[in-house]
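Next comes model.cif, with mmCIF, C-alpha atoms and all ligand atoms.
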```
data_final
#
loop_
_atom_site.label_atom_id
_atom_site.label_comp_id
_atom_site.auth_asym_id
_atom_site.auth_seq_id
_atom_site.Cartn_x
_atom_site.Cartn_y
_atom_site.Cartn_z
CA MET A 1 17.19 46.15 12.80
CA GLN A 2 18.38 43.34 15.12
CA LYS A 3 16.69 40.00 14.39
CA VAL A 4 15.29 39.62 17.90
CA ILE A 5 13.54 43.00 17.58
CA GLU A 6 12.25 42.07 14.12
CA ASP A 7 10.85 38.79 15.46
CA TYR A 8 9.25 40.62 18.40
CA ILE A 9 7.62 43.16 16.06
CA ARG A 10 6.27 40.36 13.85
CA MET A 11 4.55 38.74 16.83
CA CYS A 12 2.93 42.05 17.88
CA TYR A 13 1.55 42.59 14.40
CA ASP A 14 0.48 38.95 13.96
CA GLY A 15 -1.64 39.34 17.08
CA PHE A 16 -3.17 42.52 15.69
CA LEU A 17 -3.97 40.74 12.39
CA GLN A 18 -5.80 38.05 14.38
CA GLY A 19 -8.01 40.76 15.91
CA TRP A 20 -6.61 40.20 19.42
CA HIS A 21 -5.37 43.76 20.00
CA GLU A 22 -8.12 46.34 19.72
CA ARG A 23 -6.92 49.81 20.72
CA ASN A 24 -4.10 49.38 23.29
CA GLY A 25 -5.24 45.88 24.29
CA GLY A 26 -2.63 43.25 25.02
CA ASN A 27 1.08 43.31 25.75
CA LEU A 28 4.23 41.26 25.17
CA THR A 29 7.49 40.83 27.06
CA TYR A 30 10.55 38.87 25.96
CA ARG A 31 13.47 37.96 28.23
CA MET A 32 16.53 38.46 26.03
CA ARG A 33 19.37 35.97 25.70
CA PRO A 34 22.76 37.46 26.70
CA GLU A 35 23.94 37.46 23.09
CA GLU A 36 20.77 39.31 22.02
CA SER A 37 21.12 42.10 24.59
CA GLU A 38 24.79 42.45 23.56
CA GLU A 39 23.75 42.67 19.92
CA CYS A 40 21.34 45.51 20.83
CA ALA A 41 23.83 47.40 23.06
CA SER A 42 24.53 50.02 20.37
CA LEU A 43 20.86 51.09 20.65
CA PHE A 44 21.06 51.79 24.41
CA THR A 45 21.01 55.57 24.63
CA HIS A 46 18.46 56.15 27.43
CA ASP A 47 18.82 55.69 31.18
CA ARG A 48 15.38 56.48 32.61
CA HIS A 49 14.97 54.69 35.96
CA VAL A 50 11.57 53.43 37.24
CA ASP A 51 10.69 51.70 40.53
CA LEU A 52 8.70 48.43 40.48
CA PRO A 53 5.70 47.72 42.74
CA VAL A 54 6.67 44.02 43.02
CA ASP A 55 9.83 42.14 44.00
CA ALA A 56 11.36 40.81 40.80
CA SER A 57 14.71 39.88 42.35
CA PRO A 58 14.90 36.44 40.62
CA LEU A 59 15.10 38.45 37.36
CA ALA A 60 17.86 40.80 38.57
CA GLY A 61 20.06 42.03 35.73
CA GLU A 62 17.85 40.54 32.98
CA TYR A 63 17.02 42.50 29.82
CA PHE A 64 13.45 42.51 28.46
CA ILE A 65 11.79 43.81 25.34
CA THR A 66 8.38 45.19 26.32
CA THR A 67 5.40 46.87 24.71
CA GLY A 68 4.54 50.39 25.88
CA SER A 69 1.67 51.25 28.19
CA GLY A 70 -1.20 52.79 26.22
CA ARG A 71 0.54 52.00 22.93
CA TYR A 72 -1.16 50.06 20.13
CA MET A 73 0.11 46.70 18.76
CA ARG A 74 -1.15 47.94 15.39
CA ASN A 75 1.47 50.72 15.41
CA VAL A 76 4.49 48.65 16.50
CA PRO A 77 5.87 47.99 12.98
CA LEU A 78 5.36 51.66 11.96
CA CYS A 79 7.43 53.09 14.81
CA PRO A 80 9.06 50.50 17.08
CA GLU A 81 11.01 53.09 19.13
CA GLU A 82 7.78 54.77 20.28
CA ASN A 83 5.71 51.64 20.91
CA ILE A 84 8.17 49.11 22.36
CA GLY A 85 11.38 49.35 24.35
CA ILE A 86 14.21 47.51 26.07
CA ILE A 87 14.55 47.60 29.85
CA LYS A 88 17.15 46.16 32.22
CA LEU A 89 16.13 45.07 35.72
CA ASP A 90 18.15 46.45 38.62
CA ASP A 91 20.59 44.19 40.44
CA ASP A 92 18.16 44.06 43.40
CA GLY A 93 15.07 43.52 41.16
CA LYS A 94 13.26 46.51 42.71
CA GLY A 95 13.24 48.68 39.61
CA TYR A 96 14.48 48.90 36.05
CA THR A 97 16.13 51.24 33.58
CA ILE A 98 14.70 52.02 30.16
CA LEU A 99 17.64 51.67 27.75
CA TRP A 100 16.00 51.98 24.34
CA GLY A 101 12.62 52.89 22.83
CA LEU A 102 9.41 53.86 24.70
CA GLU A 103 10.00 57.32 23.27
CA ARG A 104 7.72 60.32 23.75
CA GLY A 105 7.22 59.50 27.43
CA ALA A 106 5.97 55.93 27.19
CA LYS A 107 6.34 53.50 30.07
CA PRO A 108 6.37 49.70 29.82
CA THR A 109 3.01 47.92 29.71
CA SER A 110 0.58 48.48 32.61
CA GLU A 111 0.73 44.69 33.06
CA LEU A 112 4.50 44.68 33.68
CA PRO A 113 4.05 43.42 37.29
CA SER A 114 2.06 40.44 35.95
CA HIS A 115 4.57 39.84 33.18
CA LEU A 116 7.57 39.84 35.51
CA LEU A 117 6.01 37.58 38.16
CA ASN A 118 4.75 35.30 35.37
CA HIS A 119 8.28 35.10 33.93
CA ILE A 120 9.53 34.05 37.39
CA SER A 121 6.89 31.28 37.60
CA ARG A 122 7.52 29.97 34.10
CA ILE A 123 11.33 30.09 34.40
CA LYS A 124 10.94 27.80 37.43
CA ALA A 125 8.42 25.56 35.65
CA THR A 126 10.61 25.11 32.56
CA ASP A 127 14.14 24.90 34.01
CA GLY A 128 14.90 28.39 32.70
CA ARG A 129 13.69 27.85 29.13
CA CYS A 130 10.64 30.17 29.11
CA ARG A 131 11.38 33.60 27.60
CA VAL A 132 8.05 34.93 26.34
CA ILE A 133 4.97 36.15 28.21
CA TYR A 134 2.10 37.33 26.01
CA HIS A 135 -1.24 38.89 26.91
CA ALA A 136 -3.99 39.18 24.29
CA HIS A 137 -7.75 39.78 24.03
CA PRO A 138 -9.01 37.05 21.66
CA ALA A 139 -12.80 37.13 21.32
CA ASN A 140 -13.64 33.41 21.50
CA ILE A 141 -11.70 32.41 24.61
CA THR A 142 -13.03 35.54 26.32
CA ALA A 143 -16.59 34.67 25.26
CA LEU A 144 -16.10 31.11 26.51
CA SER A 145 -15.19 32.46 29.96
CA TYR A 146 -18.82 33.68 30.28
CA THR A 147 -20.17 30.17 29.77
CA ILE A 148 -18.35 28.28 32.57
CA GLU A 149 -17.39 28.61 36.23
CA PRO A 150 -13.76 29.77 36.59
CA ASP A 151 -12.41 26.25 36.97
CA ALA A 152 -9.28 24.95 35.19
CA ARG A 153 -10.60 21.39 34.92
CA THR A 154 -13.82 22.46 33.20
CA LEU A 155 -11.97 24.82 30.86
CA SER A 156 -9.19 22.37 29.99
CA ARG A 157 -11.62 19.54 29.23
CA ILE A 158 -13.67 21.79 26.93
CA LEU A 159 -10.53 22.87 25.05
CA TRP A 160 -9.03 19.36 24.80
CA GLN A 161 -12.35 18.08 23.44
CA SER A 162 -12.69 20.89 20.91
CA GLU A 163 -9.69 20.15 18.70
CA THR A 164 -7.63 16.95 18.57
CA GLU A 165 -4.21 18.65 18.78
CA CYS A 166 -5.05 20.52 22.00
CA ALA A 167 -4.13 17.75 24.46
CA VAL A 168 -0.76 17.46 22.71
CA VAL A 169 -0.09 21.22 22.67
CA PHE A 170 -1.09 21.85 26.31
CA PRO A 171 -1.28 18.51 28.15
CA GLN A 172 -1.13 20.28 31.56
CA GLY A 173 -4.35 22.15 30.71
CA VAL A 174 -5.15 25.85 30.85
CA GLY A 175 -5.74 27.78 34.07
CA ILE A 176 -8.40 30.40 34.67
CA LEU A 177 -8.50 33.37 37.01
CA ASP A 178 -11.85 34.83 38.01
CA TRP A 179 -12.47 38.49 37.23
CA MET A 180 -10.07 40.91 38.90
CA ILE A 181 -8.98 44.50 38.33
CA PRO A 182 -6.26 44.43 35.66
CA GLY A 183 -2.94 46.26 35.84
CA GLY A 184 -2.34 45.78 39.57
CA THR A 185 -0.10 43.74 41.81
CA GLU A 186 -2.92 41.52 43.17
CA ILE A 187 -3.79 40.11 39.73
CA ALA A 188 -0.04 39.74 39.12
CA TYR A 189 0.43 37.52 42.19
CA GLU A 190 -2.71 35.45 41.46
CA SER A 191 -1.70 34.97 37.80
CA ALA A 192 1.85 33.97 38.71
CA LYS A 193 0.50 31.34 41.13
CA LEU A 194 -1.50 29.69 38.32
CA LEU A 195 1.34 29.93 35.82
CA LYS A 196 3.44 27.73 38.10
CA THR A 197 1.18 24.91 36.86
CA TYR A 198 -0.18 26.02 33.47
CA PRO A 199 1.62 27.45 30.42
CA ALA A 200 -1.43 29.66 29.73
CA ILE A 201 -4.23 31.13 31.81
CA VAL A 202 -7.49 32.83 30.92
CA TRP A 203 -8.44 36.04 32.67
CA ALA A 204 -12.25 35.70 32.91
CA PHE A 205 -14.15 38.32 30.84
CA HIS A 206 -10.81 39.83 29.72
CA GLY A 207 -8.39 37.67 27.72
CA ILE A 208 -5.46 35.31 28.02
CA PHE A 209 -1.82 35.08 29.14
CA GLY A 210 0.39 32.62 27.29
CA SER A 211 4.03 31.68 27.77
CA GLY A 212 6.76 29.87 25.89
CA GLU A 213 10.37 29.47 24.98
CA THR A 214 10.05 31.21 21.62
CA PHE A 215 7.70 33.67 19.92
CA ASP A 216 6.44 30.85 17.66
CA GLU A 217 5.70 28.54 20.57
CA THR A 218 3.91 31.23 22.56
CA PHE A 219 1.88 32.60 19.65
CA GLY A 220 1.07 29.04 18.58
CA LEU A 221 -0.19 28.17 22.06
CA VAL A 222 -2.52 31.16 22.25
CA HIS A 223 -3.63 30.57 18.65
CA THR A 224 -4.45 26.92 19.39
CA ILE A 225 -6.44 27.79 22.54
CA GLU A 226 -8.35 30.54 20.75
CA LYS A 227 -9.16 28.27 17.79
CA ALA A 228 -10.39 25.53 20.14
CA ALA A 229 -12.61 28.07 21.90
CA GLU A 230 -14.02 29.15 18.55
CA ILE A 231 -14.77 25.55 17.57
CA TYR A 232 -16.40 24.91 20.95
CA LEU A 233 -18.68 27.93 20.69
CA LYS A 234 -19.67 27.01 17.10
CA ALA A 235 -20.30 23.39 18.01
CA ARG A 236 -22.27 24.43 21.07
CA SER A 237 -24.42 26.82 19.03
CA ALA A 238 -25.09 24.07 16.49
CA GLY A 239 -25.71 21.49 19.24
CA ILE A 240 -23.06 19.07 20.53
CA VAL A 241 -24.10 15.41 20.18
CA ARG A 242 -20.73 13.75 20.90
CA THR A 243 -17.15 14.62 21.73
CA ILE A 244 -13.60 13.25 22.17
CA SER A 245 -13.69 10.72 25.02
CA ASP A 246 -11.28 10.62 27.98
CA ASP A 247 -9.90 7.32 26.67
CA GLN A 248 -9.23 8.92 23.30
CA LEU A 249 -7.42 11.79 25.08
CA ARG A 250 -5.23 9.22 26.88
CA ILE A 251 -4.51 7.32 23.64
CA LEU A 252 -3.59 10.63 21.99
CA ALA A 253 -1.23 11.66 24.81
CA ASN A 254 0.46 8.24 24.67
CA ALA A 255 0.82 8.36 20.89
CA PHE A 256 2.53 11.78 21.07
CA GLY A 257 4.58 11.04 24.19
CA VAL A 258 3.09 13.78 26.39
CA LYS A 259 1.94 13.49 30.00
CA ILE A 260 -1.68 14.59 30.11
CA ASN A 261 -2.95 16.05 33.42
CA GLU A 262 -4.78 12.96 34.76
CA GLU A 263 -6.54 15.05 37.44
CA PHE A 264 -8.65 16.52 34.64
CA LEU A 265 -9.68 13.15 33.20
CA ALA A 266 -12.45 10.90 34.48
O1 LIG B 301 -2.54 46.78 27.67
O2 LIG B 301 -4.56 44.65 27.87
O3 LIG B 301 -4.85 44.31 30.48
C1 LIG B 301 -3.86 46.87 28.00
C2 LIG B 301 -4.33 45.60 28.57
C3 LIG B 301 -4.49 45.56 30.01
ZN ZN B 302 -5.76 43.14 28.77
#
```
Output the file's structure in the form of structure tokens.
Amino acid sequence: MQKVIEDYIRMCYDGFLQGWHERNGGNLTYRMRPEESEECASLFTHDRHVDLPVDASPLAGEYFITTGSGRYMRNVPLCPEENIGIIKLDDDGKGYTILWGLERGAKPTSELPSHLLNHISRIKATDGRCRVIYHAHPANITALSYTIEPDARTLSRILWQSETECAVVFPQGVGILDWMIPGGTEIAYESAKLLKTYPAIVWAFHGIFGSGETFDETFGLVHTIEKAAEIYLKARSAGIVRTISDDQLRILANAFGVKINEEFLA
């Protein structure tokens, strides 16, 4: 199996092992490097064409690995060709062709519109470096979304204060989208707007979208946010008597050479 597919499968199963992918929950897309899609070309035996409900023209001609709609992360290592697949976007970005996998009638993830628009936002935000968009249903960050108003400043401050590394890992903060119907184009556009600013966003009462250049970076980001949420909820249950101060957050950002989002500090 090609290394890029092996690495993709590992991330799917790592998320399952964390308990973030009950049933068919969550989805993952990876924008392949040219050398990776060439390496996989011998696998390309399908040519099923599908129209897209959104304009993905900035991604024209790009190849993506995607999870299958209704398929379970838990099953990805057992049978990759039924649970994930490779698609290539049309030259006008209005549809795509399934080239490999997604066998037995699967389609790409129901959140493909969100994934594609999120890729467009993050490619712009990172000078083309972002390749991974990951959606998961971690319990703690989802639980935390019930305890606050859907406000990025409130959420980011809670997370930065809940684990010292957080301000270094996501100095821009984490965005949050109020409850919306998943799987549609409206939530895709709203998510993509927030991802222009933040590398990760919470979907209130649902889960999280994270992004990154590599599988490690993306998984690590979601893992860090989820762990901070867990610490926050534990500390809050026990009773919080003190926390990391804004000055300490600034000192931390300086020490690690990152630019913390000053709008979220007092
Ligand atoms: O793939 O997680 O948001 C199922 C979902 C939809
Ligand atoms: Zn979901």
Find the residues near ligand LIG 301 (chain B). Use a cut-off of 12 Å, count all atoms listed in the file, and write them as JSON, numbers by chain.
{"A": [20, 21, 22, 23, 24, 25, 26, 27, 28, 29, 66, 67, 68, 69, 70, 71, 72, 73, 83, 107, 108, 109, 110, 111, 112, 113, 114, 115, 134, 135, 136, 137, 138, 179, 180, 181, 182, 183, 184, 187, 188, 202, 203, 204, 205, 206, 207, 208, 209]}
Convert the current residue selection to file output with C-alpha atoms, as a compact mmCIF listing (two decimals), in the coordinates of the input.
```txt
# COMPACT_ATOMS: atom_id res chain seq x y z
CA TRP A 20 -6.61 40.20 19.42
CA HIS A 21 -5.37 43.76 20.00
CA GLU A 22 -8.12 46.34 19.72
CA ARG A 23 -6.92 49.81 20.72
CA ASN A 24 -4.10 49.38 23.29
CA GLY A 25 -5.24 45.88 24.29
CA GLY A 26 -2.63 43.25 25.02
CA ASN A 27 1.08 43.31 25.75
CA LEU A 28 4.23 41.26 25.17
CA THR A 29 7.49 40.83 27.06
CA THR A 66 8.38 45.19 26.32
CA THR A 67 5.40 46.87 24.71
CA GLY A 68 4.54 50.39 25.88
CA SER A 69 1.67 51.25 28.19
CA GLY A 70 -1.20 52.79 26.22
CA ARG A 71 0.54 52.00 22.93
CA TYR A 72 -1.16 50.06 20.13
CA MET A 73 0.11 46.70 18.76
CA ASN A 83 5.71 51.64 20.91
CA LYS A 107 6.34 53.50 30.07
CA PRO A 108 6.37 49.70 29.82
CA THR A 109 3.01 47.92 29.71
CA SER A 110 0.58 48.48 32.61
CA GLU A 111 0.73 44.69 33.06
CA LEU A 112 4.50 44.68 33.68
CA PRO A 113 4.05 43.42 37.29
CA SER A 114 2.06 40.44 35.95
CA HIS A 115 4.57 39.84 33.18
CA TYR A 134 2.10 37.33 26.01
CA HIS A 135 -1.24 38.89 26.91
CA ALA A 136 -3.99 39.18 24.29
CA HIS A 137 -7.75 39.78 24.03
CA PRO A 138 -9.01 37.05 21.66
CA TRP A 179 -12.47 38.49 37.23
CA MET A 180 -10.07 40.91 38.90
CA ILE A 181 -8.98 44.50 38.33
CA PRO A 182 -6.26 44.43 35.66
CA GLY A 183 -2.94 46.26 35.84
CA GLY A 184 -2.34 45.78 39.57
CA ILE A 187 -3.79 40.11 39.73
CA ALA A 188 -0.04 39.74 39.12
CA VAL A 202 -7.49 32.83 30.92
CA TRP A 203 -8.44 36.04 32.67
CA ALA A 204 -12.25 35.70 32.91
CA PHE A 205 -14.15 38.32 30.84
CA HIS A 206 -10.81 39.83 29.72
CA GLY A 207 -8.39 37.67 27.72
CA ILE A 208 -5.46 35.31 28.02
CA PHE A 209 -1.82 35.08 29.14
```
If we count only C-alpha atoms and set the cut-off at 10 Å, which residues sit around segment 95-105 of chain A, ignoring sequence neighbours fewer than 6 positions away in its own chain? Please answer as a ChimeraX atom specification.
/A:40-57,60-69,71,79-89
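The coordinates place atom CA of Leu155 of chain A at 14.2 Å from atom CA of Arg236 of chain A.
Closest approach to ligand ZN 302 (chain B) among A:Gln2, A:Thr142, A:Thr147, A:Thr218: A:Thr142, based on all atoms listed in the file.
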Polymer residues at most 8 Å from Ser191 of chain A, all atoms listed in the file, same-chain spacing of 6 or more positions, as a ChimeraX atom specification
/A:114,118,177,201
Set the distance at 10 Å and use all atoms listed in the file: which residues neighbour Lys124 of chain A once local chain neighbours fewer than 6 positions away are removed? I'd like the list as a ChimeraX atom specification.
/A:118,130,195-196
I want to know what sits within 12 Å of Arg129 of chain A, based on all atoms listed in the file, with residues of the same chain fewer than 5 positions away left out; could you give that as a PyMOL selection string?
chain A and resi 30-33+119-124+211-214+217
How many Å lie between atom ZN of ligand ZN 302 (chain B) and atom CA of Asp90 of chain A, rounded to one decimal?
26.1 Å
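Across A:Asn140, A:Gly128, A:Glu39, A:Asp151, the tightest approach to Thr224 of chain A is made by A:Asn140 when counting only C-alpha atoms.
Picture a line from atom CA of Ala192 of chain A to atom CA of Leu116 of chain A; it runs 8.8 Å.
Checking A:Ile141, A:Ala229, A:Gln18, A:Ser237 one by one against Cys166 of chain A, counting all atoms listed in the file, you find the shortest gap at A:Ala229.
Distances to Pro199 of chain A were evaluated for A:Arg131, A:Arg157, A:Lys234, A:Lys94 using all atoms listed in the file, and the minimum falls at A:Arg131.
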Please provide as a short mmCIF file (atom, residue, chain, number, x, y, z; two decimals) with C-alpha atoms, keeping the file's coordinate frame all residues within 10 Å of Glu165 of chain A, with the sequence filter that same-chain residues fewer than 6 positions apart are discarded (counting all atoms listed in the file).
```
data_model
loop_
_atom_site.label_atom_id
_atom_site.label_comp_id
_atom_site.auth_asym_id
_atom_site.auth_seq_id
_atom_site.Cartn_x
_atom_site.Cartn_y
_atom_site.Cartn_z
CA LEU A 159 -10.53 22.87 25.05
CA PRO A 171 -1.28 18.51 28.15
CA THR A 224 -4.45 26.92 19.39
CA ALA A 228 -10.39 25.53 20.14
CA LEU A 249 -7.42 11.79 25.08
CA LEU A 252 -3.59 10.63 21.99
CA ALA A 253 -1.23 11.66 24.81
CA PHE A 256 2.53 11.78 21.07
#
```
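Among A:Asp247, A:Val132, A:Arg242, A:Asp127, the residue with the shortest atom-to-atom distance to Phe215 of chain A, counting only C-alpha atoms, is A:Val132.
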When distances are computed from all atoms listed in the file, which of A:Ala139, A:Pro150, A:Leu17, A:Asp92 shows the smallest separation from ligand ZN 302 (chain B)?
A:Ala139
Draw an axis-aligned box tight on the listed atoms of segment 144-158 of chain A, then pad every side by 4 Å and write out centre and edge lengths in Å to one decimal as AutoDock Vina command-line options.
```
--center_x -14.7 --center_y 26.6 --center_z 31.7 --size_x 19.0 --size_y 22.1 --size_z 18.5
```
